[in-house]
>>> print(open('upload-v8.txt').read())   # compact mmCIF, N, CA and C atoms
# COMPACT_ATOMS: atom_id res chain seq x y z
N MET J 209 0.82 -1.20 0.00
CA MET J 209 0.00 0.00 0.00
C MET J 209 0.87 1.26 0.00
N GLN J 210 2.05 1.20 0.60
CA GLN J 210 2.92 2.38 0.60
C GLN J 210 3.31 2.76 -0.81
N VAL J 211 3.65 1.77 -1.61
CA VAL J 211 4.03 2.04 -3.00
C VAL J 211 2.84 2.63 -3.74
N THR J 212 1.67 2.05 -3.53
CA THR J 212 0.46 2.54 -4.19
C THR J 212 0.17 3.98 -3.79
N GLN J 213 0.28 4.29 -2.50
CA GLN J 213 0.03 5.65 -2.05
C GLN J 213 1.04 6.61 -2.66
N GLY J 214 2.27 6.18 -2.79
CA GLY J 214 3.28 7.02 -3.44
C GLY J 214 2.93 7.32 -4.88
N ILE J 215 2.42 6.32 -5.59
CA ILE J 215 2.00 6.51 -6.98
C ILE J 215 0.83 7.50 -7.04
N LEU J 216 -0.13 7.32 -6.15
CA LEU J 216 -1.28 8.24 -6.11
C LEU J 216 -0.85 9.67 -5.83
N ASP J 217 0.12 9.83 -4.92
CA ASP J 217 0.63 11.16 -4.61
C ASP J 217 1.29 11.79 -5.83
N ILE J 218 2.09 11.01 -6.55
CA ILE J 218 2.75 11.52 -7.76
C ILE J 218 1.70 11.89 -8.80
N ALA J 219 0.66 11.06 -8.93
CA ALA J 219 -0.40 11.32 -9.91
C ALA J 219 -1.10 12.64 -9.63
N GLU J 220 -1.23 12.99 -8.36
CA GLU J 220 -1.86 14.26 -8.00
C GLU J 220 -1.03 15.45 -8.45
N GLU J 221 0.29 15.26 -8.53
CA GLU J 221 1.21 16.36 -8.81
C GLU J 221 1.61 16.46 -10.27
N THR J 222 1.40 15.40 -11.05
CA THR J 222 1.88 15.38 -12.43
C THR J 222 0.75 14.97 -13.37
N CYS J 223 1.02 15.05 -14.63
CA CYS J 223 0.06 14.55 -15.61
C CYS J 223 0.82 13.83 -16.71
N GLY J 224 1.22 12.61 -16.40
CA GLY J 224 1.93 11.82 -17.38
C GLY J 224 2.28 10.46 -16.82
N ALA J 225 2.01 9.44 -17.60
CA ALA J 225 2.26 8.07 -17.15
C ALA J 225 3.76 7.82 -16.91
N GLU J 226 4.60 8.53 -17.64
CA GLU J 226 6.05 8.30 -17.49
C GLU J 226 6.53 8.60 -16.08
N GLU J 227 5.89 9.54 -15.41
CA GLU J 227 6.24 9.86 -14.02
C GLU J 227 5.82 8.74 -13.06
N LEU J 228 4.78 8.01 -13.43
CA LEU J 228 4.24 6.97 -12.56
C LEU J 228 4.92 5.62 -12.76
N GLU J 229 5.52 5.41 -13.92
CA GLU J 229 6.00 4.08 -14.27
C GLU J 229 7.03 3.49 -13.30
N PRO J 230 7.99 4.24 -12.78
CA PRO J 230 8.91 3.62 -11.82
C PRO J 230 8.18 3.04 -10.60
N GLY J 231 7.21 3.76 -10.07
CA GLY J 231 6.43 3.25 -8.94
C GLY J 231 5.58 2.07 -9.33
N LEU J 232 5.02 2.10 -10.53
CA LEU J 232 4.21 0.98 -11.02
C LEU J 232 5.07 -0.26 -11.18
N GLU J 233 6.28 -0.09 -11.66
CA GLU J 233 7.20 -1.24 -11.80
C GLU J 233 7.54 -1.82 -10.42
N ARG J 234 7.75 -0.96 -9.43
CA ARG J 234 8.02 -1.45 -8.06
C ARG J 234 6.83 -2.21 -7.53
N ALA J 235 5.63 -1.66 -7.72
CA ALA J 235 4.41 -2.32 -7.25
C ALA J 235 4.25 -3.69 -7.92
N LEU J 236 4.47 -3.75 -9.21
CA LEU J 236 4.36 -5.03 -9.93
C LEU J 236 5.36 -6.04 -9.41
N ALA J 237 6.59 -5.60 -9.16
CA ALA J 237 7.61 -6.52 -8.63
C ALA J 237 7.21 -7.05 -7.26
N ILE J 238 6.64 -6.21 -6.43
CA ILE J 238 6.18 -6.65 -5.10
C ILE J 238 5.07 -7.68 -5.25
N LEU J 239 4.10 -7.41 -6.11
CA LEU J 239 2.99 -8.33 -6.31
C LEU J 239 3.48 -9.67 -6.85
N GLN J 240 4.35 -9.63 -7.83
CA GLN J 240 4.86 -10.86 -8.42
C GLN J 240 5.77 -11.63 -7.46
N GLY J 241 6.45 -10.91 -6.58
CA GLY J 241 7.39 -11.54 -5.66
C GLY J 241 6.76 -12.09 -4.39
N ASN J 242 5.48 -11.85 -4.21
CA ASN J 242 4.79 -12.30 -2.99
C ASN J 242 3.46 -12.97 -3.32
N PRO J 243 3.49 -14.09 -4.05
CA PRO J 243 2.24 -14.72 -4.47
C PRO J 243 1.38 -15.19 -3.30
N GLU J 244 1.98 -15.42 -2.16
CA GLU J 244 1.22 -15.86 -0.99
C GLU J 244 0.30 -14.74 -0.46
N SER J 245 0.54 -13.52 -0.86
CA SER J 245 -0.27 -12.39 -0.41
C SER J 245 -1.25 -11.91 -1.48
N LYS J 246 -1.48 -12.72 -2.50
CA LYS J 246 -2.32 -12.31 -3.61
C LYS J 246 -3.69 -11.83 -3.16
N GLU J 247 -4.34 -12.53 -2.24
CA GLU J 247 -5.68 -12.12 -1.81
C GLU J 247 -5.67 -10.72 -1.19
N ASN J 248 -4.67 -10.43 -0.39
CA ASN J 248 -4.55 -9.09 0.21
C ASN J 248 -4.31 -8.03 -0.87
N PHE J 249 -3.45 -8.36 -1.82
CA PHE J 249 -3.15 -7.43 -2.90
C PHE J 249 -4.39 -7.20 -3.76
N GLU J 250 -5.13 -8.27 -4.04
CA GLU J 250 -6.37 -8.12 -4.81
C GLU J 250 -7.33 -7.16 -4.12
N ALA J 251 -7.45 -7.31 -2.81
CA ALA J 251 -8.35 -6.42 -2.06
C ALA J 251 -7.92 -4.96 -2.19
N CYS J 252 -6.62 -4.71 -2.15
CA CYS J 252 -6.12 -3.33 -2.30
C CYS J 252 -6.43 -2.78 -3.69
N VAL J 253 -6.23 -3.60 -4.71
CA VAL J 253 -6.50 -3.15 -6.08
C VAL J 253 -8.00 -2.93 -6.26
N ILE J 254 -8.81 -3.81 -5.72
CA ILE J 254 -10.27 -3.66 -5.82
C ILE J 254 -10.73 -2.39 -5.10
N ASP J 255 -10.07 -2.03 -4.00
CA ASP J 255 -10.38 -0.75 -3.34
C ASP J 255 -10.18 0.42 -4.30
N LEU J 256 -9.12 0.36 -5.10
CA LEU J 256 -8.87 1.41 -6.09
C LEU J 256 -9.96 1.40 -7.16
N VAL J 257 -10.41 0.21 -7.55
CA VAL J 257 -11.49 0.10 -8.54
C VAL J 257 -12.76 0.74 -7.99
N ASN J 258 -13.05 0.48 -6.74
CA ASN J 258 -14.30 0.93 -6.15
C ASN J 258 -14.34 2.42 -5.83
N SER J 259 -13.20 3.04 -5.69
CA SER J 259 -13.17 4.48 -5.43
C SER J 259 -12.06 5.13 -6.25
N PRO J 260 -12.28 5.18 -7.57
CA PRO J 260 -11.22 5.71 -8.44
C PRO J 260 -10.91 7.17 -8.14
N ARG J 261 -9.63 7.47 -8.14
CA ARG J 261 -9.16 8.84 -7.96
C ARG J 261 -7.95 9.01 -8.87
N GLU J 262 -7.39 10.18 -8.87
CA GLU J 262 -6.26 10.47 -9.75
C GLU J 262 -5.18 9.41 -9.58
N GLY J 263 -4.81 8.76 -10.67
CA GLY J 263 -3.77 7.73 -10.64
C GLY J 263 -4.30 6.31 -10.51
N ALA J 264 -5.52 6.14 -10.05
CA ALA J 264 -6.07 4.79 -9.84
C ALA J 264 -6.20 4.02 -11.14
N VAL J 265 -6.66 4.68 -12.18
CA VAL J 265 -6.81 3.99 -13.48
C VAL J 265 -5.46 3.49 -13.96
N GLU J 266 -4.45 4.30 -13.82
CA GLU J 266 -3.11 3.90 -14.27
C GLU J 266 -2.58 2.73 -13.46
N ILE J 267 -2.78 2.77 -12.15
CA ILE J 267 -2.30 1.67 -11.29
C ILE J 267 -3.01 0.38 -11.65
N VAL J 268 -4.34 0.41 -11.66
CA VAL J 268 -5.11 -0.80 -11.94
C VAL J 268 -4.79 -1.31 -13.35
N SER J 269 -4.77 -0.42 -14.31
CA SER J 269 -4.55 -0.83 -15.69
C SER J 269 -3.16 -1.43 -15.89
N PHE J 270 -2.15 -0.77 -15.39
CA PHE J 270 -0.77 -1.28 -15.54
C PHE J 270 -0.63 -2.65 -14.90
N LEU J 271 -1.07 -2.75 -13.64
CA LEU J 271 -0.91 -4.02 -12.92
C LEU J 271 -1.74 -5.14 -13.54
N MET J 272 -2.95 -4.83 -13.93
CA MET J 272 -3.82 -5.89 -14.43
C MET J 272 -3.51 -6.27 -15.87
N HIS J 273 -2.88 -5.39 -16.63
CA HIS J 273 -2.44 -5.81 -17.96
C HIS J 273 -1.37 -6.89 -17.81
N ALA J 274 -0.55 -6.76 -16.78
CA ALA J 274 0.50 -7.75 -16.54
C ALA J 274 -0.02 -8.99 -15.82
N LEU J 275 -0.92 -8.81 -14.85
CA LEU J 275 -1.31 -9.91 -13.95
C LEU J 275 -2.63 -10.60 -14.32
N ARG J 276 -3.57 -9.85 -14.87
CA ARG J 276 -4.86 -10.39 -15.31
C ARG J 276 -5.60 -11.16 -14.21
N TRP J 277 -5.67 -10.60 -13.02
CA TRP J 277 -6.35 -11.26 -11.91
C TRP J 277 -7.86 -11.23 -12.13
N GLU J 278 -8.46 -12.40 -12.10
CA GLU J 278 -9.89 -12.54 -12.37
C GLU J 278 -10.76 -11.81 -11.35
N ALA J 279 -10.39 -11.82 -10.09
CA ALA J 279 -11.19 -11.13 -9.06
C ALA J 279 -11.27 -9.64 -9.34
N VAL J 280 -10.18 -9.07 -9.82
CA VAL J 280 -10.16 -7.64 -10.13
C VAL J 280 -11.01 -7.38 -11.38
N ARG J 281 -10.87 -8.24 -12.38
CA ARG J 281 -11.69 -8.10 -13.58
C ARG J 281 -13.18 -8.12 -13.21
N GLU J 282 -13.56 -9.06 -12.37
CA GLU J 282 -14.96 -9.17 -11.95
C GLU J 282 -15.42 -7.91 -11.21
N ALA J 283 -14.56 -7.35 -10.38
CA ALA J 283 -14.91 -6.12 -9.66
C ALA J 283 -15.13 -4.96 -10.64
N VAL J 284 -14.27 -4.86 -11.64
CA VAL J 284 -14.41 -3.80 -12.64
C VAL J 284 -15.70 -4.00 -13.43
N GLU J 285 -15.95 -5.22 -13.86
CA GLU J 285 -17.18 -5.51 -14.61
C GLU J 285 -18.42 -5.20 -13.77
N GLU J 286 -18.36 -5.48 -12.48
CA GLU J 286 -19.48 -5.18 -11.59
C GLU J 286 -19.73 -3.67 -11.52
N ARG J 287 -18.65 -2.88 -11.43
CA ARG J 287 -18.81 -1.42 -11.39
C ARG J 287 -19.41 -0.91 -12.70
N ILE J 288 -19.08 -1.54 -13.81
CA ILE J 288 -19.63 -1.12 -15.09
C ILE J 288 -21.12 -1.49 -15.17
N ARG J 289 -21.45 -2.68 -14.72
CA ARG J 289 -22.86 -3.13 -14.74
C ARG J 289 -23.72 -2.33 -13.77
N HIS J 290 -23.15 -2.01 -12.61
CA HIS J 290 -23.90 -1.33 -11.55
C HIS J 290 -23.11 -0.12 -11.05
N PRO J 291 -23.08 0.95 -11.85
CA PRO J 291 -22.32 2.13 -11.43
C PRO J 291 -22.92 2.73 -10.16
N ARG J 292 -22.05 3.22 -9.30
CA ARG J 292 -22.53 3.92 -8.11
C ARG J 292 -21.76 5.22 -7.99
N GLY J 293 -22.38 6.16 -7.33
CA GLY J 293 -21.74 7.45 -7.17
C GLY J 293 -21.69 8.20 -8.49
N ASN J 294 -20.57 8.81 -8.77
CA ASN J 294 -20.37 9.64 -9.95
C ASN J 294 -20.42 8.79 -11.21
N ILE J 295 -21.39 9.04 -12.07
CA ILE J 295 -21.58 8.25 -13.28
C ILE J 295 -20.39 8.40 -14.24
N SER J 296 -19.64 9.49 -14.14
CA SER J 296 -18.48 9.65 -15.02
C SER J 296 -17.39 8.62 -14.70
N ASN J 297 -17.48 7.97 -13.54
CA ASN J 297 -16.53 6.90 -13.23
C ASN J 297 -16.68 5.71 -14.17
N LEU J 298 -17.80 5.63 -14.86
CA LEU J 298 -18.02 4.55 -15.81
C LEU J 298 -16.90 4.52 -16.85
N ARG J 299 -16.50 5.67 -17.34
CA ARG J 299 -15.41 5.73 -18.34
C ARG J 299 -14.08 5.25 -17.74
N LEU J 300 -13.87 5.57 -16.47
CA LEU J 300 -12.65 5.11 -15.81
C LEU J 300 -12.65 3.59 -15.69
N HIS J 301 -13.80 3.04 -15.34
CA HIS J 301 -13.91 1.58 -15.21
C HIS J 301 -13.77 0.90 -16.57
N GLU J 302 -14.31 1.50 -17.60
CA GLU J 302 -14.14 0.94 -18.94
C GLU J 302 -12.67 0.93 -19.35
N ALA J 303 -11.95 1.99 -18.99
CA ALA J 303 -10.51 2.04 -19.29
C ALA J 303 -9.76 0.95 -18.52
N MET J 304 -10.15 0.71 -17.27
CA MET J 304 -9.53 -0.36 -16.49
C MET J 304 -9.80 -1.71 -17.13
N LEU J 305 -11.03 -1.96 -17.53
CA LEU J 305 -11.39 -3.24 -18.13
C LEU J 305 -10.62 -3.48 -19.42
N ASP J 306 -10.41 -2.43 -20.18
CA ASP J 306 -9.67 -2.55 -21.44
C ASP J 306 -8.26 -3.08 -21.22
N SER J 307 -7.69 -2.81 -20.06
CA SER J 307 -6.30 -3.23 -19.79
C SER J 307 -6.16 -4.74 -19.70
N PHE J 308 -7.24 -5.46 -19.53
CA PHE J 308 -7.19 -6.91 -19.48
C PHE J 308 -7.03 -7.53 -20.87
N SER J 309 -7.09 -6.71 -21.89
CA SER J 309 -7.01 -7.18 -23.27
C SER J 309 -5.58 -7.08 -23.80
N ASP J 310 -5.21 -8.03 -24.66
CA ASP J 310 -3.91 -7.95 -25.32
C ASP J 310 -3.81 -6.72 -26.21
N SER J 311 -4.95 -6.22 -26.66
CA SER J 311 -4.96 -5.05 -27.53
C SER J 311 -5.33 -3.77 -26.77
N TRP J 312 -5.00 -3.71 -25.50
CA TRP J 312 -5.25 -2.55 -24.64
C TRP J 312 -4.79 -1.28 -25.35
N ARG J 313 -5.71 -0.36 -25.56
CA ARG J 313 -5.40 0.82 -26.37
C ARG J 313 -4.44 1.80 -25.70
N ASP J 314 -4.32 1.77 -24.37
CA ASP J 314 -3.43 2.71 -23.69
C ASP J 314 -2.07 2.10 -23.33
N ARG J 315 -1.78 0.92 -23.82
CA ARG J 315 -0.52 0.25 -23.45
C ARG J 315 0.71 1.06 -23.86
N ASP J 316 0.58 1.85 -24.93
CA ASP J 316 1.71 2.64 -25.41
C ASP J 316 2.10 3.76 -24.46
N LEU J 317 1.27 4.03 -23.45
CA LEU J 317 1.62 5.05 -22.46
C LEU J 317 2.75 4.59 -21.56
N PHE J 318 2.99 3.28 -21.53
CA PHE J 318 3.98 2.70 -20.61
C PHE J 318 5.08 2.00 -21.39
N THR J 319 6.31 2.28 -21.04
CA THR J 319 7.47 1.71 -21.72
C THR J 319 7.41 0.18 -21.71
N ARG J 320 7.02 -0.40 -20.58
CA ARG J 320 6.98 -1.86 -20.45
C ARG J 320 6.13 -2.50 -21.54
N PHE J 321 5.04 -1.89 -21.91
CA PHE J 321 4.09 -2.50 -22.83
C PHE J 321 4.11 -1.91 -24.24
N SER J 322 4.87 -0.85 -24.44
CA SER J 322 4.83 -0.15 -25.73
C SER J 322 5.68 -0.81 -26.80
N GLY J 323 6.55 -1.70 -26.40
CA GLY J 323 7.44 -2.33 -27.38
C GLY J 323 8.61 -1.44 -27.74
N ALA J 324 8.76 -0.34 -26.99
CA ALA J 324 9.87 0.59 -27.29
C ALA J 324 11.17 0.10 -26.70
>>> encode(input="upload-v8.txt", output="structure tokens")
Amino acid sequence: MQVTQGILDIAEETCGAEELEPGLERALAILQGNPESKENFEACVIDLVNSPREGAVEIVSFLMHALRWEAVREAVEERIRHPRGNISNLRLHEAMLDSFSDSWRDRDLFTRFSGA
């Protein structure tokens, strides 16, 4: 969660995925390096899905394009089917869901996925 909070803080101060990518890479390494904590990590990511804020889309999208966790996908799909709160969050959830696809349209925002 500390890494995630750091990414969210950076997202509040900047407007560019390149500023977030080092933190996203650290978060991904932590998730991949601790498979025994997957359920806890899923809950943290789902919290971001349920209350999107600046940087949340980038965190969820980056991590889930790499990890493709079904519980997170289901949470995103649920938010799309049953939006709550601000209806404009629907677009954010759609962007998150797109990251589960091999043809994710925003993958070029991140060096890891852009093929550069």
>>> closest_residue(input="upload-v8.txt", among="J:Ser309, J:Asn294, J:Asn248, J:Asn242", to="Met272 in chain J", atoms="only C-alpha atoms")
J:Ser309
>>> atom_distance(input="upload-v8.txt", atom1="CA of Cys252 in chain J", atom2="CA of Ser322 in chain J")
26.1 Å
>>> atom_distance(input="upload-v8.txt", atom1="CA of Glu278 in chain J", atom2="atom C of Gly241 in chain J")
18.5 Å
>>> atom_distance(input="upload-v8.txt", atom1="CA of Thr319 in chain J", atom2="CA of Met304 in chain J")
17.9 Å
>>> select_by_dssp(input="upload-v8.txt", residues="chain J", states="alpha helix (DSSP H)", output="MDAnalysis selection string")
chainID J and resid 210:221 225:241 246:258 264:275 278:289 297:306 319:322
>>> residues_around(input="upload-v8.txt", residues="Arg276 in chain J", least_positions_apart="5", cutoff="8 Å", atoms="all atoms listed in the file", output="number ranges by chain")
J: 270-271, 281, 307-309
